[in-house]
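Structure file input.txt with compact mmCIF, C-alpha atoms:
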# COMPACT_ATOMS: atom_id res chain seq x y z
CA MET A 294 63.82 10.13 10.15
CA PHE A 295 61.92 13.05 8.60
CA ASN A 296 63.58 16.42 8.15
CA GLY A 297 60.74 18.85 8.74
CA LYS A 298 61.43 22.37 7.61
CA ASN A 299 61.00 24.94 10.41
CA GLN A 300 60.17 22.18 12.88
CA GLY A 301 63.48 20.44 13.62
CA VAL A 302 64.05 16.74 12.96
CA PHE A 303 61.35 14.13 13.47
CA ILE A 304 62.66 10.77 14.67
CA MET A 305 60.16 8.51 12.90
CA LYS A 306 60.24 4.74 13.31
CA TYR A 307 58.46 1.86 11.58
CA ARG A 308 55.99 0.21 13.86
CA THR A 309 53.27 -2.41 13.47
CA LEU A 310 49.81 -0.88 13.70
CA GLY A 311 48.72 -3.65 16.05
CA LYS A 312 50.84 -2.08 18.79
CA TYR A 313 48.49 0.90 18.82
CA ILE A 314 44.99 -0.40 18.10
CA THR A 315 42.60 -2.75 19.93
CA GLU A 316 39.40 -4.26 18.55
CA TYR A 317 36.19 -3.26 20.31
CA SER A 318 33.14 -5.52 19.88
CA GLN A 319 30.62 -4.17 22.36
CA LYS A 320 27.10 -4.86 21.08
CA ASN A 321 24.00 -2.83 21.86
CA LYS A 322 22.55 -5.71 23.91
CA ARG A 323 20.05 -3.54 25.79
CA ASN A 324 18.74 -2.19 22.46
CA ILE A 325 19.35 1.43 23.52
CA GLU A 326 18.14 4.03 21.04
CA TYR A 327 21.58 5.18 20.01
CA PRO A 328 21.71 6.98 16.62
CA VAL A 329 22.48 4.64 13.72
CA TYR A 330 25.42 5.63 11.53
CA SER A 331 27.30 4.30 8.54
CA VAL A 332 30.78 5.17 7.28
CA THR A 333 31.35 6.30 3.68
CA ASN A 334 34.50 7.21 1.81
CA ARG A 335 33.21 10.71 1.11
CA ASN A 336 31.40 11.75 4.29
CA GLY A 337 32.93 9.51 6.96
CA PHE A 338 30.44 8.88 9.79
CA CYS A 339 26.99 9.88 8.53
CA THR A 340 23.29 9.11 8.93
CA GLU A 341 21.79 10.02 5.55
CA TYR A 342 21.88 6.46 4.22
CA PHE A 343 19.21 5.21 6.59
CA ASN A 344 15.46 5.53 6.14
CA LYS A 345 12.75 5.66 8.80
CA ASP A 346 12.39 1.86 8.82
CA VAL A 347 15.72 1.45 10.62
CA SER A 348 14.36 3.09 13.79
CA SER A 349 11.79 0.30 14.23
CA LYS A 350 14.25 -2.58 13.85
CA ASP A 351 15.82 -4.56 16.66
CA LYS A 352 19.29 -3.06 17.00
CA SER A 353 20.55 -5.21 19.87
CA THR A 354 23.16 -6.83 17.60
CA TYR A 355 24.48 -3.49 16.32
CA LYS A 356 27.95 -2.49 17.49
CA ILE A 357 28.53 0.52 19.72
CA VAL A 358 31.09 3.08 18.59
CA PRO A 359 32.09 5.45 21.42
CA HIS A 360 33.43 8.92 20.67
CA GLY A 361 37.01 8.69 19.38
CA TYR A 362 36.76 5.07 18.18
CA PHE A 363 37.19 3.91 14.56
CA ALA A 364 34.76 1.87 12.48
CA TYR A 365 34.86 0.45 8.97
CA ASN A 366 32.93 -1.87 6.72
CA PRO A 367 35.45 -4.67 6.01
CA SER A 368 34.18 -5.09 2.44
CA ARG A 369 34.41 -1.35 1.64
CA ILE A 370 37.59 -0.18 3.33
CA ASN A 371 39.36 -0.64 -0.01
CA VAL A 372 37.49 2.43 -1.30
CA GLY A 373 38.34 4.50 1.77
CA SER A 374 35.25 3.91 3.91
CA ILE A 375 36.87 4.25 7.33
CA ASP A 376 36.69 7.03 9.92
CA TRP A 377 36.80 7.77 13.64
CA GLN A 378 33.62 8.78 15.42
CA ASN A 379 33.61 12.48 16.27
CA CYS A 380 29.85 13.09 16.20
CA GLU A 381 28.26 11.95 19.47
CA GLU A 382 29.08 10.24 22.77
CA ASN A 383 27.92 6.86 21.44
CA VAL A 384 26.54 5.71 18.08
CA ILE A 385 25.82 2.28 16.65
CA VAL A 386 26.76 0.69 13.34
CA SER A 387 25.89 -2.48 11.47
CA PRO A 388 27.04 -5.76 13.05
CA LEU A 389 29.14 -6.26 9.92
CA TYR A 390 31.43 -3.35 10.85
CA VAL A 391 34.81 -3.64 12.54
CA VAL A 392 35.24 -1.25 15.49
CA PHE A 393 38.53 -0.48 17.21
CA LYS A 394 40.19 2.09 19.44
CA CYS A 395 43.63 3.74 19.37
CA SER A 396 46.05 3.84 22.26
CA ASP A 397 47.01 7.19 23.78
CA ASP A 398 50.20 7.11 21.68
CA LEU A 399 48.37 7.28 18.34
CA ASN A 400 46.49 10.35 17.09
CA GLN A 401 43.22 9.39 15.35
CA ASP A 402 43.67 11.85 12.51
CA TYR A 403 47.25 10.64 11.97
CA LEU A 404 45.97 7.08 11.53
CA LYS A 405 43.10 8.22 9.32
CA TYR A 406 45.47 10.09 7.00
CA PHE A 407 47.75 7.06 6.84
CA LEU A 408 44.92 4.66 5.91
CA LYS A 409 43.61 7.05 3.24
CA SER A 410 47.08 7.74 1.82
CA LYS A 411 48.24 6.07 -1.38
CA ASP A 412 50.54 3.79 0.59
CA GLY A 413 47.82 2.90 3.07
CA GLN A 414 45.38 2.10 0.29
CA GLN A 415 47.98 -0.06 -1.46
CA MET A 416 48.46 -2.05 1.75
CA ILE A 417 44.70 -2.52 2.00
CA GLU A 418 44.49 -3.66 -1.62
CA ARG A 419 47.25 -6.21 -1.06
CA LYS A 420 45.54 -7.60 2.03
CA VAL A 421 42.05 -7.87 0.52
CA SER A 422 43.20 -9.20 -2.87
CA GLY A 423 41.82 -12.67 -3.36
CA SER A 424 39.81 -12.68 -0.15
CA VAL A 425 36.06 -13.19 -0.02
CA ARG A 426 34.29 -9.98 -1.12
CA ASN A 427 37.48 -7.97 -0.55
CA ASN A 428 37.07 -8.41 3.19
CA LEU A 429 39.73 -6.85 5.46
CA LYS A 430 39.79 -8.46 8.91
CA PHE A 431 41.02 -6.56 11.94
CA SER A 432 43.96 -8.96 12.29
CA ALA A 433 45.11 -8.05 8.77
CA LEU A 434 44.78 -4.33 9.50
CA ALA A 435 46.79 -4.76 12.70
CA SER A 436 49.69 -6.23 10.70
CA PHE A 437 50.26 -3.00 8.72
CA GLU A 438 53.59 -1.25 9.23
CA PHE A 439 53.91 2.52 9.07
CA ASN A 440 56.09 5.44 10.13
CA ILE A 441 55.25 6.97 13.50
CA GLY A 442 56.87 9.45 15.85
CA THR A 443 55.86 10.96 19.16
CA LEU A 444 52.30 12.12 19.75
CA ASN A 445 53.42 15.74 19.46
CA GLU A 446 55.13 15.01 16.13
CA GLN A 447 51.97 13.29 14.89
CA LYS A 448 49.90 16.36 15.80
CA ILE A 449 52.31 18.66 13.92
CA ILE A 450 52.07 16.46 10.81
CA VAL A 451 48.26 16.32 11.07
CA SER A 452 48.07 20.12 11.33
CA LYS A 453 50.13 20.50 8.15
CA LEU A 454 48.02 17.97 6.24
CA LYS A 455 44.82 19.69 7.41
CA ILE A 456 46.01 23.00 5.98
CA ILE A 457 46.33 21.40 2.54
CA GLU A 458 43.03 19.54 2.95
CA LYS A 459 41.29 22.79 3.91
CA ALA A 460 42.60 24.42 0.74
CA ILE A 461 41.13 21.54 -1.27
CA GLU A 462 37.76 21.92 0.48
CA ASN A 463 37.71 25.67 -0.22
CA GLU A 464 38.34 25.16 -3.92
CA LYS A 465 35.66 22.48 -4.12
CA LYS A 466 33.19 24.81 -2.39
CA GLN A 467 34.06 27.46 -4.97
CA ILE A 468 33.29 24.99 -7.75
CA GLU A 469 29.92 24.27 -6.11
CA LEU A 470 29.20 28.00 -6.00
CA TYR A 471 29.96 28.28 -9.71
CA ASP A 472 27.43 25.50 -10.34
CA GLU A 473 24.84 27.32 -8.25
CA LEU A 474 25.52 30.51 -10.18
CA ILE A 475 24.73 28.73 -13.45
CA LYS A 476 21.51 27.30 -11.99
CA CYS A 477 20.44 30.75 -10.80
CA LYS A 478 21.22 32.27 -14.19
CA PHE A 479 19.08 29.62 -15.90
CA ILE A 480 16.08 30.49 -13.73
CA GLU A 481 16.70 34.23 -14.11
CA MET A 482 16.77 34.00 -17.92
CA PHE A 483 14.19 31.29 -18.57
CA GLY A 484 12.08 30.85 -15.44
CA ASP A 485 10.78 27.60 -13.97
CA PRO A 486 10.79 25.04 -16.84
CA ILE A 487 7.59 23.44 -15.52
CA SER A 488 5.37 26.45 -14.77
CA ASN A 489 6.88 28.47 -17.68
CA PRO A 490 6.21 31.96 -16.20
CA TYR A 491 7.66 33.75 -19.25
CA GLY A 492 5.29 31.99 -21.63
CA TRP A 493 7.87 30.41 -23.93
CA LYS A 494 6.64 28.15 -26.72
CA ILE A 495 6.13 24.57 -25.53
CA VAL A 496 7.93 21.99 -27.65
CA THR A 497 8.95 18.32 -27.41
CA PHE A 498 12.41 16.81 -27.56
CA ASN A 499 11.47 15.48 -30.99
CA ASP A 500 10.92 19.09 -32.13
CA CYS A 501 14.50 19.94 -31.15
CA LEU A 502 16.49 16.80 -31.96
CA GLU A 503 17.76 15.69 -35.35
CA ASN A 504 18.16 12.21 -33.92
CA ILE A 505 19.06 10.18 -30.86
CA GLU A 506 22.00 7.82 -31.32
CA ASN A 507 22.53 4.64 -29.33
CA GLY A 508 25.78 3.63 -27.71
CA LYS A 509 27.09 0.11 -28.29
CA SER A 510 27.03 -3.04 -26.21
CA PHE A 511 30.57 -4.18 -25.71
CA VAL A 512 32.78 -6.70 -23.93
CA CYS A 513 35.55 -4.86 -22.15
CA ALA A 514 38.15 -5.33 -19.46
CA SER A 515 37.49 -4.45 -15.83
CA GLU A 516 40.38 -2.00 -15.64
CA ALA A 517 40.79 1.48 -17.17
CA ARG A 518 42.57 1.91 -20.48
CA ILE A 519 46.32 1.65 -20.73
CA ASP A 520 48.68 3.92 -22.66
CA ASN A 521 46.83 5.67 -25.51
CA LYS A 522 44.62 2.77 -26.50
CA PRO A 523 40.89 3.40 -27.08
CA ALA A 524 38.41 2.61 -24.32
CA ILE A 525 34.69 2.59 -23.62
CA LEU A 526 33.06 5.04 -21.22
CA LYS A 527 31.62 3.85 -17.93
CA LEU A 528 28.14 5.05 -16.96
CA SER A 529 29.75 7.09 -14.18
CA ALA A 530 31.39 9.30 -16.83
CA VAL A 531 28.01 10.98 -17.33
CA THR A 532 25.91 10.05 -14.26
CA TYR A 533 26.38 13.27 -12.29
CA GLY A 534 26.00 15.71 -15.17
CA ILE A 535 29.71 16.41 -15.71
CA TYR A 536 31.69 14.62 -18.41
CA LYS A 537 34.50 12.56 -16.86
CA PRO A 538 36.56 10.89 -19.60
CA GLU A 539 38.81 9.25 -17.00
CA GLU A 540 35.85 7.02 -16.06
CA ASN A 541 36.40 4.30 -18.65
CA LYS A 542 37.27 0.66 -19.23
CA ALA A 543 39.84 -0.78 -21.60
CA ILE A 544 38.68 -2.41 -24.82
CA ILE A 545 40.12 -5.90 -25.09
CA ASN A 546 40.61 -5.83 -28.84
CA GLU A 547 41.47 -2.41 -30.26
CA GLU A 548 40.22 -3.39 -33.71
CA ASP A 549 36.72 -3.82 -32.26
CA PHE A 550 36.37 -0.07 -31.68
CA ILE A 551 33.17 1.13 -33.39
CA GLU A 552 33.78 4.49 -35.04
CA SER A 553 30.09 5.43 -35.19
CA ALA A 554 29.92 5.31 -31.39
CA GLU A 555 33.05 7.42 -30.82
CA VAL A 556 32.64 10.36 -28.45
CA HIS A 557 33.44 13.78 -29.95
CA LYS A 558 33.84 17.31 -28.68
CA SER A 559 30.47 19.09 -28.26
CA ASP A 560 28.53 15.84 -27.91
CA LEU A 561 25.59 15.84 -25.50
CA LEU A 562 25.46 12.46 -23.77
CA PHE A 563 22.39 11.18 -21.90
CA THR A 564 22.09 8.29 -19.41
CA ARG A 565 19.19 6.28 -20.74
CA LYS A 566 19.54 3.64 -18.01
CA ASN A 567 20.51 4.03 -14.36
CA THR A 568 19.08 3.91 -10.84
CA PRO A 569 15.68 5.68 -10.53
CA GLU A 570 17.14 8.82 -8.94
CA LEU A 571 19.97 9.15 -11.49
CA VAL A 572 18.41 8.03 -14.74
CA GLY A 573 18.19 10.67 -17.47
CA MET A 574 21.19 12.84 -16.61
CA ALA A 575 23.14 14.63 -19.33
CA ALA A 576 26.77 15.69 -19.75
CA TYR A 577 28.26 18.02 -22.34
CA VAL A 578 31.63 17.06 -23.83
CA GLU A 579 33.84 20.15 -23.71
CA SER A 580 36.79 18.10 -24.91
CA THR A 581 37.78 14.46 -24.99
CA PRO A 582 41.54 13.96 -24.79
CA ILE A 583 41.45 10.22 -25.51
CA LYS A 584 39.66 7.98 -27.99
CA LEU A 585 36.46 6.79 -26.30
CA MET A 586 33.31 4.96 -27.28
CA MET A 587 29.75 5.29 -25.92
CA PRO A 588 28.32 2.25 -24.10
CA ASP A 589 24.76 1.12 -24.76
CA LEU A 590 23.66 2.76 -21.50
CA LEU A 591 24.04 6.17 -23.15
CA PHE A 592 22.32 8.17 -25.89
CA ARG A 593 23.90 10.94 -27.95
CA LEU A 594 21.45 13.81 -28.46
CA ASN A 595 21.95 15.69 -31.75
CA THR A 596 20.08 19.00 -31.71
CA LYS A 597 18.49 21.01 -34.50
CA ASN A 598 19.31 24.67 -35.15
CA ASN A 599 16.51 25.82 -32.85
CA CYS A 600 18.13 24.34 -29.73
CA ASN A 601 21.53 25.00 -28.16
CA LYS A 602 23.11 21.86 -26.67
CA ILE A 603 24.37 23.69 -23.59
CA PHE A 604 20.88 25.04 -22.91
CA LEU A 605 19.44 21.53 -23.28
CA TRP A 606 22.18 20.09 -21.03
CA LYS A 607 21.32 22.47 -18.19
CA LEU A 608 17.57 22.00 -18.70
CA ILE A 609 17.81 18.20 -18.42
CA ASN A 610 19.84 18.40 -15.20
CA ASN A 611 17.81 21.23 -13.67
CA ASP A 612 16.31 20.19 -10.31
CA LEU A 613 12.97 21.72 -11.25
CA TYR A 614 12.76 19.64 -14.45
CA ARG A 615 13.99 16.33 -13.00
CA SER A 616 10.48 15.08 -12.14
CA ARG A 617 9.48 15.29 -15.79
CA ILE A 618 12.61 13.42 -16.93
CA GLU A 619 12.01 10.73 -14.32
CA SER A 620 8.37 10.41 -15.43
CA ALA A 621 9.64 9.09 -18.77
CA ALA A 622 11.47 6.19 -17.13
CA ASN A 623 10.25 2.61 -16.92
CA GLY A 624 11.26 0.35 -14.04
CA SER A 625 10.45 -0.15 -10.39
CA ALA A 626 11.86 1.89 -7.53
CA LYS A 627 14.15 -1.01 -6.60
CA SER A 628 15.55 -1.75 -10.06
CA MET A 629 17.37 0.01 -12.87
CA SER A 630 15.19 2.49 -14.75
CA ASN A 631 15.21 2.93 -18.50
CA ILE A 632 14.17 5.81 -20.78
CA SER A 633 13.36 4.87 -24.35
CA LYS A 634 13.89 7.13 -27.37
CA GLU A 635 10.14 7.29 -27.87
CA ARG A 636 9.33 8.43 -24.33
CA LEU A 637 12.18 10.92 -24.27
CA GLY A 638 11.12 12.34 -27.62
CA LYS A 639 7.60 13.08 -26.36
CA LEU A 640 8.68 15.05 -23.27
CA GLN A 641 7.71 18.72 -23.34
CA PHE A 642 9.60 21.84 -22.23
CA PRO A 643 9.55 25.61 -22.83
CA LEU A 644 11.90 26.71 -25.63
CA PRO A 645 13.24 30.31 -25.51
CA SER A 646 14.62 32.02 -28.61
CA ILE A 647 17.90 30.63 -29.93
CA GLU A 648 19.49 34.04 -29.37
CA LEU A 649 18.70 33.87 -25.65
CA GLN A 650 19.87 30.25 -25.47
CA ASN A 651 23.18 31.26 -27.07
CA GLN A 652 23.63 34.10 -24.55
CA PHE A 653 23.14 31.59 -21.75
CA ALA A 654 25.62 29.19 -23.35
CA ASP A 655 28.23 31.95 -23.50
CA PHE A 656 27.66 32.64 -19.81
CA VAL A 657 28.10 28.94 -18.98
CA ARG A 658 31.36 28.78 -20.95
CA THR A 659 32.72 31.81 -19.08
CA VAL A 660 31.84 30.35 -15.68
CA ASP A 661 33.19 26.94 -16.70
CA LYS A 662 36.58 28.50 -17.42
CA SER A 663 36.71 29.61 -13.80
CA LYS A 664 35.64 26.13 -12.72
CA VAL A 665 38.45 24.60 -14.76
CA GLU A 666 41.00 26.84 -13.07
CA ALA A 667 39.61 25.95 -9.65
CA GLN A 668 39.75 22.25 -10.51
CA LYS A 669 43.38 22.62 -11.56
CA ARG A 670 44.12 24.04 -8.12
CA VAL A 671 42.27 21.11 -6.52
CA ASP A 672 44.42 18.69 -8.54
CA LEU A 673 47.63 20.46 -7.49
CA TYR A 674 46.65 20.50 -3.81
CA GLU A 675 45.66 16.82 -3.94
CA GLU A 676 48.97 15.96 -5.57
CA LEU A 677 50.76 17.88 -2.81
CA LEU A 678 48.69 16.15 -0.13
CA ASN A 679 49.52 12.70 -1.52
CA LYS A 680 53.20 13.59 -1.75
CA LYS A 681 53.33 14.81 1.84
CA MET A 682 51.48 11.76 3.16
CA SER A 683 53.97 9.46 1.45
CA GLU A 684 56.85 11.44 2.95
CA TYR A 685 55.42 11.31 6.45
CA PHE A 686 54.17 7.73 6.56
CA MET A 687 56.59 5.71 4.43
CA ASP A 688 59.91 7.54 3.89

Show me the file's structure as structure tokens.
Amino acid sequence: MFNGKNQGVFIMKYRTLGKYITEYSQKNKRNIEYPVYSVTNRNGFCTEYFNKDVSSKDKSTYKIVPHGYFAYNPSRINVGSIDWQNCEENVIVSPLYVVFKCSDDLNQDYLKYFLKSKDGQQMIERKVSGSVRNNLKFSALASFEFNIGTLNEQKIIVSKLKIIEKAIENEKKQIELYDELIKCKFIEMFGDPISNPYGWKIVTFNDCLENIENGKSFVCASEARIDNKPAILKLSAVTYGIYKPEENKAIINEEDFIESAEVHKSDLLFTRKNTPELVGMAAYVESTPIKLMMPDLLFRLNTKNNCNKIFLWKLINNDLYRSRIESAANGSAKSMSNISKERLGKLQFPLPSIELQNQFADFVRTVDKSKVEAQKRVDLYEELLNKKMSEYFMD
């Protein structure tokens, strides 16, 4: 039973999910040119992960997903890659996917929220633990138990969860706008870093760096740190240009922590090795609340007095300058790429006066304060969303 404020009393009952879902394994035997989709944890049903080669392949073994039906990759559902198809009348997905439909007594969004809730994800983790490649079969999914009321009650709950989710989306869009504002300000103040329309002096990274420090190769646990013990950063802590200290792994022996590789406030970290499209990204350390160490996949860039770290951070990640960063990388398009100290040091860029760089850095700090406040609101809304989902689905 759920006591819903301003909505009366919901009579919720535990039911087995198998009572409401049926597997659907219709293949595209006639090789009809249905659009090919995949399902990701971030975007749900989407097409951007396929290149032009897919259109020429035989897709007769692909599975059809009619409008309103669910699909998931059984080896990726543990990271939330499941959704119901609300894009077209029919699409097709990889033969590896599991496809199923809901009965008329189960709202698709209600089920989706349940499976993405903390409790739903814990059930998935328990079912896939120890199985081959974390594979969740349909029969295992059908055995899940969850709280469910009438279809009307489900719709009321979904509408309330969507209000919170919309608030989260709005705050995230605001954060994206702040990022765009900083990019626009960079171009306004300094111009295109390749064509250099303002005629700034051309320098190399070696001209602006005191040194480039290596991270350390290290044996660590697969899980994140526990308590207040030191840890080593994962590559993902820097990959997308924003420092994420929560992306870390525990160090097995605390006494093995290497002080010279410790991350400090105001460090500028650089991904020397990554996939070709993500190699050579930088992240500025505004603060680091826990004791962390750099892995050997990262460099620390220590600037001279003629170069502001925040300016250099935004230059490295600037879309217009990315081609030059990527040109310094070794490695094929299908493998990990690597940027050496020597090749990075020889890269050229326009260097404005330090006074102008400092003005830009002040602007970035001001905007980042607004971003921090927006992120705090995101965190609060997400906490509320998780709390409400637990109340609805498991209490």

Exercise for review: Name the closest residue to Asn631 (chain A) among the candidates A:Lys566, A:Lys411, A:Lys558, A:His360; distances are taken between atoms, counting only C-alpha atoms.
Suggested key: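 Under the stated criterion, the closest residue is A:Lys566.
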
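Among the candidates A:Ser436, A:Gln467, A:Ser387, A:Asn371, the one nearest to Arg670 (chain A) when counting only C-alpha atoms is A:Gln467.
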
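Residue nearest Lys602 (chain A) within the list A:Asn445, A:Asn463, A:Gln650, A:Asn489: A:Gln650 [criterion: smallest interatomic distance, only C-alpha atoms].
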
Set out as a Markdown table a contact list for region 380-430 of chain A and region 323-338 of chain A with a cut-off of 8 Å, giving each residue of region 380-430 of chain A that qualifies its closest atom pair and distance in Å to one decimal, counting only C-alpha atoms, ordered by chain and rising residue number.
| residue | atom | partner | partner_atom | distance |
| --- | --- | --- | --- | --- |
| A:Cys380 | CA | A:Phe338 | CA | 7.7 |
| A:Asn383 | CA | A:Tyr327 | CA | 6.7 |
| A:Val384 | CA | A:Pro328 | CA | 5.2 |
| A:Ile385 | CA | A:Val329 | CA | 5.0 |
| A:Val386 | CA | A:Tyr330 | CA | 5.4 |
| A:Ser387 | CA | A:Ser331 | CA | 7.5 |

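Nearest to Asn599 (chain A) of all the residues A:Glu481, A:Asp500, A:Glu547, A:Glu462 is A:Asp500, counting all atoms listed in the file.
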
Exercise for review: Can you work out the spacing between CA of Gly638 (chain A) and CA of Asn499 (chain A) in Å, to one decimal?
Suggested key: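 Distance between the two atoms: 4.6 Å.
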
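Pairwise distance (CA of Thr659 (chain A), CA of Leu562 (chain A)) equals 21.2 Å.
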
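With all atoms listed in the file as the atoms that count, the minimum distance from Val671 (chain A) to the choices A:Glu464, A:Asn379, A:Gly484, A:Asp560 is reached by A:Glu464.
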
Review point. A:Ile461, A:Ile370, A:Leu613, A:Met482: which is nearest Gln415 (chain A), counting all atoms listed in the file?
Key: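 Once distances to Gln415 (chain A) are computed over all atoms listed in the file, the minimum belongs to A:Ile370.
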
Point to revise | Computed interatomic separation between CA of Leu404 (chain A) and CA of Lys669 (chain A) (Å) | key: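 A separation of 28.0 Å between them.
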